[in-house]
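Engineer: Following this line is run-v4.txt, made up of compact mmCIF, C-alpha atoms:
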```
# COMPACT_ATOMS: atom_id res chain seq x y z
CA MET A 1 24.15 0.66 43.95
CA THR A 2 25.98 -0.61 40.88
CA PRO A 3 25.93 1.98 38.14
CA ARG A 4 24.16 0.70 35.07
CA PRO A 5 25.14 1.55 31.53
CA ALA A 6 22.65 3.99 30.05
CA ARG A 7 22.50 2.05 26.79
CA SER A 8 22.59 -1.59 25.72
CA TYR A 9 25.01 -2.40 22.93
CA PHE A 10 24.99 -5.54 20.81
CA GLU A 11 27.46 -7.17 23.23
CA ASP A 12 25.05 -6.61 26.14
CA VAL A 13 22.28 -8.66 24.55
CA GLU A 14 22.08 -12.42 24.93
CA LEU A 15 20.02 -14.82 22.86
CA HIS A 16 16.71 -15.66 24.61
CA ASP A 17 16.89 -12.59 26.90
CA VAL A 18 13.36 -11.73 27.98
CA VAL A 19 12.24 -8.22 28.85
CA GLU A 20 8.85 -7.38 30.31
CA THR A 21 7.57 -3.81 30.31
CA PRO A 22 5.38 -1.95 32.77
CA ALA A 23 1.75 -1.47 31.76
CA LEU A 24 0.02 1.48 30.17
CA THR A 25 -3.68 2.34 30.01
CA VAL A 26 -4.71 3.39 26.52
CA THR A 27 -6.81 6.54 26.88
CA GLU A 28 -8.99 8.65 24.65
CA ALA A 29 -6.16 11.20 24.67
CA HIS A 30 -3.78 8.67 23.09
CA VAL A 31 -6.36 7.95 20.41
CA GLN A 32 -7.04 11.63 19.70
CA ILE A 33 -3.36 12.53 19.43
CA TYR A 34 -2.71 9.51 17.23
CA GLN A 35 -5.59 10.36 14.92
CA GLY A 36 -4.48 13.99 14.69
CA LEU A 37 -1.04 12.79 13.67
CA THR A 38 -2.10 10.17 11.15
CA ARG A 39 -5.52 11.37 10.05
CA ALA A 40 -7.00 7.90 10.04
CA PRO A 41 -10.41 8.60 11.58
CA ASP A 42 -12.50 5.84 13.11
CA ALA A 43 -16.28 5.90 13.30
CA ASP A 44 -16.11 4.39 16.80
CA PRO A 45 -14.44 6.82 19.23
CA ALA A 46 -13.77 4.09 21.80
CA ALA A 47 -11.90 1.91 19.32
CA VAL A 48 -8.12 1.91 19.62
CA PRO A 49 -6.52 2.40 16.16
CA ASP A 50 -4.91 -0.85 14.95
CA LEU A 51 -1.34 0.41 14.87
CA LEU A 52 -1.45 2.47 18.08
CA PRO A 53 -0.64 -0.45 20.46
CA LEU A 54 2.36 -1.28 18.26
CA CYS A 55 3.57 2.34 18.52
CA LEU A 56 3.02 2.40 22.30
CA THR A 57 4.93 -0.83 22.82
CA THR A 58 8.11 0.74 21.43
CA GLY A 59 8.05 3.36 24.19
CA LEU A 60 7.20 0.78 26.84
CA GLY A 61 10.40 -0.97 25.80
CA TRP A 62 12.28 2.04 27.18
CA ARG A 63 10.84 1.55 30.66
CA THR A 64 12.45 -1.77 31.53
CA SER A 65 15.42 -2.88 33.60
CA ARG A 66 17.44 -3.31 30.41
CA PRO A 67 18.76 0.04 29.18
CA PRO A 68 17.49 0.93 25.71
CA LEU A 69 19.22 -0.78 22.79
CA VAL A 70 21.50 1.37 20.67
CA VAL A 71 19.32 0.98 17.59
CA LEU A 72 21.14 2.20 14.47
CA ALA A 73 18.28 1.24 12.20
CA PHE A 74 14.88 -0.38 12.49
CA MET A 75 14.99 -2.80 9.55
CA GLY A 76 11.70 -4.59 9.51
CA LEU A 77 8.64 -5.85 11.21
CA GLU A 78 6.17 -8.71 10.96
CA TRP A 79 3.05 -8.16 13.00
CA GLN A 80 -0.20 -9.95 13.73
CA LEU A 81 -3.23 -8.18 15.12
CA LEU A 82 -5.25 -10.76 17.02
CA ARG A 83 -7.82 -8.81 19.03
CA PRO A 84 -9.12 -5.24 18.97
CA LEU A 85 -8.52 -2.99 21.97
CA ARG A 86 -10.91 -0.46 23.51
CA VAL A 87 -10.14 2.84 25.22
CA GLY A 88 -9.51 2.03 28.88
CA ASP A 89 -7.72 -1.25 28.20
CA THR A 90 -4.30 -1.60 29.81
CA ILE A 91 -1.46 -3.11 27.80
CA HIS A 92 2.01 -4.35 28.54
CA SER A 93 4.48 -6.24 26.44
CA ARG A 94 7.08 -8.95 26.68
CA SER A 95 9.90 -9.47 24.24
CA ARG A 96 12.48 -12.16 23.70
CA ILE A 97 15.64 -12.08 21.59
CA VAL A 98 15.32 -14.88 19.04
CA THR A 99 18.19 -14.06 16.66
CA ARG A 100 21.51 -12.41 17.32
CA ARG A 101 23.87 -12.07 14.34
CA ARG A 102 27.14 -10.20 14.43
CA MET A 103 27.92 -7.87 11.53
CA ARG A 104 30.82 -5.56 10.78
CA GLU A 105 28.94 -2.43 11.86
CA GLY A 106 27.27 -3.98 14.87
CA GLY A 107 24.73 -6.74 14.89
CA VAL A 108 21.29 -7.73 13.78
CA ILE A 109 18.83 -8.55 16.51
CA VAL A 110 15.42 -10.11 16.00
CA GLU A 111 13.04 -9.61 18.89
CA GLU A 112 9.79 -11.51 19.28
CA ARG A 113 7.25 -9.29 20.99
CA GLU A 114 3.82 -9.91 22.43
CA VAL A 115 1.36 -7.26 23.61
CA PHE A 116 -1.05 -8.34 26.35
CA ASP A 117 -4.21 -6.73 27.67
CA GLN A 118 -5.22 -6.50 31.36
CA ARG A 119 -6.70 -10.02 31.19
CA GLY A 120 -3.35 -11.41 30.08
CA GLU A 121 -4.58 -12.20 26.59
CA VAL A 122 -2.26 -11.61 23.65
CA VAL A 123 -3.76 -8.83 21.52
CA GLN A 124 -0.90 -8.29 19.07
CA ARG A 125 2.40 -10.03 18.44
CA GLY A 126 5.24 -10.18 15.99
CA ARG A 127 8.91 -9.77 15.27
CA PHE A 128 11.10 -6.68 15.09
CA THR A 129 14.45 -6.67 13.29
CA PHE A 130 16.97 -4.07 14.43
CA LEU A 131 20.51 -3.16 13.52
CA VAL A 132 22.15 -2.55 16.90
CA GLY A 133 25.45 -0.76 17.49
CA LYS A 134 28.45 -2.50 18.95
CA ARG A 135 30.15 -1.16 22.04
CA PRO A 136 32.69 1.54 21.16
CA LYS A 137 36.22 0.79 22.41
CA GLU A 138 36.26 3.74 24.84
CA VAL A 139 33.05 2.68 26.60
CA ALA A 140 33.74 0.12 29.32
CA ALA A 141 31.17 -2.54 30.10
CA MET B 1 -27.75 6.45 4.80
CA THR B 2 -25.98 4.54 2.06
CA ASP B 3 -22.83 2.74 3.07
CA LEU B 4 -20.21 3.95 0.62
CA ARG B 5 -17.52 1.59 1.88
CA ARG B 6 -16.28 -0.94 -0.62
CA CYS B 7 -16.97 -4.60 0.08
CA PHE B 8 -14.72 -7.54 -0.71
CA ASP B 9 -16.79 -8.16 -3.86
CA ASP B 10 -16.07 -4.64 -5.16
CA ILE B 11 -12.29 -4.86 -4.77
CA ALA B 12 -10.42 -6.22 -7.79
CA LEU B 13 -7.04 -7.90 -7.87
CA GLY B 14 -4.44 -5.51 -9.26
CA GLU B 15 -6.23 -2.28 -8.31
CA GLU B 16 -3.77 0.53 -7.67
CA TYR B 17 -4.05 3.73 -5.71
CA GLU B 18 -1.82 6.71 -5.07
CA SER B 19 -2.30 9.08 -2.14
CA PRO B 20 -1.70 12.81 -1.94
CA GLY B 21 1.64 13.82 -0.42
CA ARG B 22 2.23 14.68 3.21
CA THR B 23 5.18 16.66 4.49
CA VAL B 24 6.62 15.17 7.67
CA THR B 25 7.48 17.94 10.09
CA GLU B 26 9.59 18.29 13.22
CA ALA B 27 6.29 18.64 15.12
CA ASP B 28 5.15 15.22 13.85
CA ILE B 29 8.31 13.63 15.26
CA VAL B 30 8.07 15.45 18.60
CA ILE B 31 4.42 14.48 19.00
CA PHE B 32 5.15 10.87 18.07
CA ALA B 33 8.01 10.71 20.58
CA GLY B 34 5.67 12.07 23.27
CA LEU B 35 2.85 9.72 22.33
CA SER B 36 4.89 6.54 22.01
CA GLY B 37 7.53 7.33 24.61
CA ASP B 38 10.24 6.41 22.10
CA TYR B 39 12.89 9.07 22.69
CA ASN B 40 15.69 7.33 20.80
CA VAL B 41 18.43 9.84 19.91
CA LEU B 42 17.77 9.09 16.22
CA HIS B 43 14.58 11.13 16.58
CA THR B 44 15.37 13.58 19.38
CA ASP B 45 19.04 14.68 19.49
CA ALA B 46 19.78 17.09 16.63
CA GLU B 47 23.42 17.59 17.65
CA LEU B 48 24.33 13.92 17.95
CA MET B 49 22.57 13.15 14.68
CA LYS B 50 24.71 15.72 12.83
CA GLN B 51 27.56 13.24 13.24
CA SER B 52 25.51 10.20 12.17
CA ILE B 53 25.22 8.71 8.70
CA PHE B 54 21.86 10.48 8.38
CA GLY B 55 23.27 13.92 9.20
CA GLU B 56 20.13 14.95 11.07
CA ARG B 57 17.20 13.60 13.09
CA ILE B 58 14.98 11.09 11.29
CA ALA B 59 11.35 10.16 11.80
CA HIS B 60 10.46 7.05 13.79
CA GLY B 61 9.91 4.16 11.38
CA LEU B 62 6.55 3.52 12.98
CA LEU B 63 5.58 7.16 12.43
CA GLY B 64 5.96 6.57 8.70
CA LEU B 65 3.92 3.39 9.03
CA ALA B 66 1.20 5.22 10.97
CA ILE B 67 1.11 8.12 8.51
CA GLN B 68 0.70 5.78 5.54
CA ALA B 69 -2.36 4.25 7.21
CA GLY B 70 -3.90 7.73 7.13
CA LEU B 71 -2.72 8.32 3.56
CA PHE B 72 -4.41 5.08 2.51
CA THR B 73 -7.76 6.51 3.60
CA ARG B 74 -7.10 9.51 1.34
CA ALA B 75 -5.96 7.36 -1.60
CA THR B 76 -9.15 5.40 -2.14
CA GLN B 77 -12.70 5.02 -0.97
CA ALA B 78 -12.75 3.23 2.40
CA TYR B 79 -12.92 -0.57 2.46
CA ALA B 80 -15.59 -2.22 4.62
CA THR B 81 -12.76 -3.51 6.81
CA LEU B 82 -13.70 -5.84 9.66
CA ALA B 83 -10.16 -6.25 10.89
CA PHE B 84 -6.58 -5.43 10.05
CA VAL B 85 -4.94 -8.77 10.79
CA GLY B 86 -1.36 -8.73 9.63
CA LEU B 87 1.59 -6.73 8.46
CA ARG B 88 4.98 -7.49 6.89
CA TRP B 89 7.08 -4.36 6.64
CA LYS B 90 10.55 -3.17 5.68
CA PHE B 91 12.16 0.15 6.52
CA LYS B 92 14.38 0.93 3.54
CA GLY B 93 15.51 4.50 4.07
CA PRO B 94 15.17 7.46 6.41
CA ILE B 95 12.31 9.96 6.44
CA LYS B 96 13.82 13.32 7.33
CA ILE B 97 12.19 16.50 8.59
CA GLY B 98 10.64 18.29 5.63
CA ASP B 99 10.40 15.21 3.43
CA THR B 100 7.12 14.79 1.60
CA ILE B 101 5.92 11.21 1.49
CA ARG B 102 3.12 9.56 -0.42
CA LEU B 103 1.68 6.08 -0.60
CA ARG B 104 1.38 3.83 -3.59
CA ALA B 105 -0.81 0.78 -2.95
CA LYS B 106 -1.88 -2.25 -4.96
CA VAL B 107 -4.21 -5.17 -4.27
CA VAL B 108 -1.97 -8.21 -4.67
CA ALA B 109 -4.15 -10.98 -3.24
CA ARG B 110 -7.83 -11.52 -2.71
CA GLU B 111 -8.99 -14.72 -1.08
CA GLU B 112 -12.21 -16.12 0.24
CA THR B 113 -12.10 -17.33 3.82
CA SER B 114 -13.90 -20.10 5.72
CA LYS B 115 -16.45 -17.51 6.83
CA PRO B 116 -18.96 -16.51 4.12
CA ASP B 117 -19.30 -12.93 5.37
CA ARG B 118 -15.69 -11.86 4.80
CA GLY B 119 -12.71 -12.08 2.47
CA LEU B 120 -8.99 -11.50 2.92
CA VAL B 121 -7.42 -8.68 0.89
CA THR B 122 -3.65 -8.22 0.79
CA VAL B 123 -2.47 -4.74 -0.14
CA GLN B 124 1.12 -4.09 -1.14
CA ARG B 125 2.16 -0.63 0.01
CA THR B 126 5.12 1.54 -0.89
CA ILE B 127 6.00 4.84 0.77
CA LEU B 128 7.91 7.12 -1.59
CA ASN B 129 9.58 10.43 -0.80
CA GLN B 130 9.73 13.56 -2.97
CA ARG B 131 12.67 12.07 -4.90
CA ASP B 132 10.65 8.91 -5.64
CA GLU B 133 12.93 6.88 -3.37
CA VAL B 134 11.26 3.98 -1.57
CA VAL B 135 11.54 4.67 2.16
CA GLN B 136 9.25 1.92 3.43
CA GLU B 137 7.39 -0.96 1.85
CA GLY B 138 5.39 -3.99 2.79
CA GLU B 139 2.08 -5.79 2.77
CA THR B 140 -1.02 -5.56 4.92
CA ASP B 141 -3.73 -8.20 5.30
CA LEU B 142 -7.27 -6.95 5.77
CA LEU B 143 -10.48 -8.86 6.44
CA VAL B 144 -13.16 -7.13 4.42
CA GLU B 145 -16.93 -7.64 4.59
CA ARG B 146 -18.70 -9.38 1.73
CA ARG B 147 -21.86 -7.97 0.29
CA ARG B 148 -24.99 -9.54 1.75
```
For the file at hand, write its structure as structure tokens.

Structural biologist:
Amino acid sequence: MTPRPARSYFEDVELHDVVETPALTVTEAHVQIYQGLTRAPDADPAAVPDLLPLCLTTGLGWRTSRPPLVVLAFMGLEWQLLRPLRVGDTIHSRSRIVTRRRMREGGVIVEEREVFDQRGEVVQRGRFTFLVGKRPKEVAA
Amino acid sequence: MTDLRRCFDDIALGEEYESPGRTVTEADIVIFAGLSGDYNVLHTDAELMKQSIFGERIAHGLLGLAIQAGLFTRATQAYATLAFVGLRWKFKGPIKIGDTIRLRAKVVAREETSKPDRGLVTVQRTILNQRDEVVQEGETDLLVERRR
């Protein structure tokens, strides 16, 4: 087996790279923990809080064949919420690199991300902008 | 029971709210890492972060975003929100363990939609820390029920 780098640096990312994550069933436990953390109660206990799928998709991004990006800073986000989710729905996400700009400290990467439900319908989508580290000289590719 | 939620018709352009403060703890960050599965070293490796520009672990950006959603509910009477439809957000500075953040919000747009039962309200939101530094800011678009 070829050893894989544990982290993806700016140099490892190509424009239009697509990454698809495994799926995750959103449970009542996720909702309860999220609400305890944020204190944004919902009258409907089976409703999934609006921002929870967005939060879960960041962790799903760690479970792909591409090692996690060396994110130095999360700069910004544009997000559309298209359909509500219910407890028991299963989400996964797909992201594509749409901008890749080299900077002195590393590079700016814009990722377009879509979150799907178990029926394959897009429930949320948007763009993440990250500052990603460049490969240090001592780390070989 | 009377519905105390505020309808589109009750919300005025230019309204401003300020939330109470909330101290972000190490436990918040650990729970958020466990919930989201985002174990980036920025949030989880205290030793590595000593050598970073931040000098210590910082909260997930999305944790700040999630906490402000809760602070909004403590800043004003609830809106009769039908749907949260959009978000434009910038992460301007780190939230560190022990920082106390609060939300300042303002209604910056208020538009009727093609459907007579709802209107679109845009709220500008700023998260400030205990030194009044802006750590996050952006806008959220909410579809709010109209009074029948």

Engineer: What are the nearest atom pairs, with distances in Å to one decimal, for all residues of chain A that come at most 10 Å from chain B, using only C-alpha atoms, set out by chain and rising residue number as a tab-separated table?

Structural biologist:
```
residue	atom	partner	partner_atom	distance
A:Ala29	CA	B:Leu35	CA	9.4
A:His30	CA	B:Leu35	CA	6.8
A:Val31	CA	B:Leu35	CA	9.6
A:Ile33	CA	B:Leu35	CA	7.4
A:Tyr34	CA	B:Leu35	CA	7.5
A:Gln35	CA	B:Gly70	CA	8.4
A:Gly36	CA	B:Asp28	CA	9.7
A:Leu37	CA	B:Asp28	CA	6.7
A:Thr38	CA	B:Ile67	CA	4.6
A:Arg39	CA	B:Gly70	CA	4.9
A:Ala40	CA	B:Gly70	CA	4.3
A:Pro41	CA	B:Gly70	CA	7.9
A:Pro49	CA	B:Ala66	CA	9.7
A:Asp50	CA	B:Phe84	CA	6.9
A:Leu51	CA	B:Ala66	CA	6.7
A:Leu52	CA	B:Ala66	CA	8.1
A:Pro53	CA	B:Ser36	CA	9.0
A:Leu54	CA	B:Leu62	CA	8.3
A:Cys55	CA	B:Ser36	CA	5.6
A:Leu56	CA	B:Ser36	CA	4.6
A:Thr57	CA	B:Ser36	CA	7.4
A:Thr58	CA	B:Asp38	CA	6.1
A:Gly59	CA	B:Gly37	CA	4.0
A:Leu60	CA	B:Gly37	CA	6.9
A:Gly61	CA	B:Asp38	CA	8.3
A:Trp62	CA	B:Asp38	CA	7.0
A:Arg63	CA	B:Gly37	CA	9.0
A:Pro68	CA	B:Asn40	CA	8.3
A:Leu69	CA	B:Asn40	CA	9.1
A:Val70	CA	B:Asn40	CA	8.3
A:Val71	CA	B:Asn40	CA	8.0
A:Leu72	CA	B:Leu42	CA	7.9
A:Ala73	CA	B:Phe91	CA	8.4
A:Phe74	CA	B:Phe91	CA	6.6
A:Met75	CA	B:Phe91	CA	5.1
A:Gly76	CA	B:Lys90	CA	4.2
A:Leu77	CA	B:Trp89	CA	5.1
A:Glu78	CA	B:Arg88	CA	4.4
A:Trp79	CA	B:Leu87	CA	5.0
A:Gln80	CA	B:Gly86	CA	4.4
A:Leu81	CA	B:Val85	CA	4.7
A:Leu82	CA	B:Val85	CA	6.5
A:Arg83	CA	B:Val85	CA	8.7
A:Pro84	CA	B:Ala83	CA	8.2
A:Gln124	CA	B:Val85	CA	9.2
A:Arg125	CA	B:Gly86	CA	9.7
A:Gly126	CA	B:Leu87	CA	9.1
A:Arg127	CA	B:Arg88	CA	9.5
A:Phe128	CA	B:Trp89	CA	9.6
A:Thr129	CA	B:Lys90	CA	9.2
```

Engineer: In Å to one decimal, how far is CA of His43 in chain B from CA of Ile109 in chain A?

Structural biologist: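 Separation of CA of Ile109 in chain A and CA of His43 in chain B: 20.1 Å.
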
Engineer: Enclose all atoms of range 27-46 of chain B listed in the file in an axis-aligned box, grow every side by 8 Å, and hand back centre and edge lengths in Å to one decimal, as lines of an AutoDock Vina configuration file.

Structural biologist:
```
center_x = 11.3
center_y = 12.5
center_z = 19.2
size_x = 32.9
size_y = 28.2
size_z = 26.8
```

Engineer: If I take CA of Val132 in chain A and CA of Met103 in chain A, how far is one from the other in Å, to one decimal?

Structural biologist: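 Value for the CA of Val132 in chain A-CA of Met103 in chain A distance: 9.5 Å.
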
Engineer: Can you measure CA of Glu138 in chain A to CA of Glu11 in chain A for me? One decimal in Å is fine.

Structural biologist: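 Atom-to-atom, CA of Glu138 in chain A to CA of Glu11 in chain A, that is 14.1 Å.
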
Engineer: List every protein, DNA or RNA residue with an atom no more than 12 Å from (-6.8, -8.1, 0.3) in the file's coordinates, counting only C-alpha atoms, and format the result as a PyMOL selection string.

Structural biologist: chain B and resi 6-15+79-87+105-113+118-125+139-145

Engineer: Identify, on the basis of all atoms listed in the file, every residue whose closest approach to Thr100 in chain B does not exceed 10 Å; exclude the query and any residue fewer than 3 positions from it along the same chain; express the result as a list of chain:residue names.

Structural biologist: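 Those residues are B:Pro20, B:Gly21, B:Arg22, B:Thr23, B:Val24, B:Thr25, B:Ile95, B:Lys96, B:Ile97, B:Leu128, B:Asn129, B:Gln130, B:Arg131, B:Asp132.
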
Engineer: Go ahead and dump the residues you just picked, C-alpha atoms, as a tab-separated table (two decimals), keeping the file's coordinate frame.

Structural biologist:
```
chain	number	residue	atom	x	y	z
B	20	PRO	CA	-1.70	12.81	-1.94
B	21	GLY	CA	1.64	13.82	-0.42
B	22	ARG	CA	2.23	14.68	3.21
B	23	THR	CA	5.18	16.66	4.49
B	24	VAL	CA	6.62	15.17	7.67
B	25	THR	CA	7.48	17.94	10.09
B	95	ILE	CA	12.31	9.96	6.44
B	96	LYS	CA	13.82	13.32	7.33
B	97	ILE	CA	12.19	16.50	8.59
B	128	LEU	CA	7.91	7.12	-1.59
B	129	ASN	CA	9.58	10.43	-0.80
B	130	GLN	CA	9.73	13.56	-2.97
B	131	ARG	CA	12.67	12.07	-4.90
B	132	ASP	CA	10.65	8.91	-5.64
```

Engineer: Would you please work out which residue, of A:Arg100, A:Arg86, A:His92, A:Arg119, is nearest to Asp12 in chain A when using all atoms listed in the file?

Structural biologist: A:Arg100

Engineer: Using only C-alpha atoms for the distances, tell me which of A:Val48, A:Leu85, A:Leu131, A:Val19 is nearest to Gly106 in chain A.

Structural biologist: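 With only C-alpha atoms as the atom set, the closest residue is A:Leu131.
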
Engineer: Do a neighbour search on Ala23 in chain A at 9 Å with only C-alpha atoms, toss out local chain neighbours closer than 5 positions, and write the hits as a list in words.

Structural biologist: Leu60, Thr90, Ile91, His92, Ser93, Asp117 and Gln118 of chain A

Engineer: Output C-alpha atoms of each residue in that selection to a file, as a CSV table (one decimal), in the coordinates of the input.

Structural biologist:
```csv
chain,number,residue,atom,x,y,z
A,60,LEU,CA,7.2,0.8,26.8
A,90,THR,CA,-4.3,-1.6,29.8
A,91,ILE,CA,-1.5,-3.1,27.8
A,92,HIS,CA,2.0,-4.4,28.5
A,93,SER,CA,4.5,-6.2,26.4
A,117,ASP,CA,-4.2,-6.7,27.7
A,118,GLN,CA,-5.2,-6.5,31.4
```
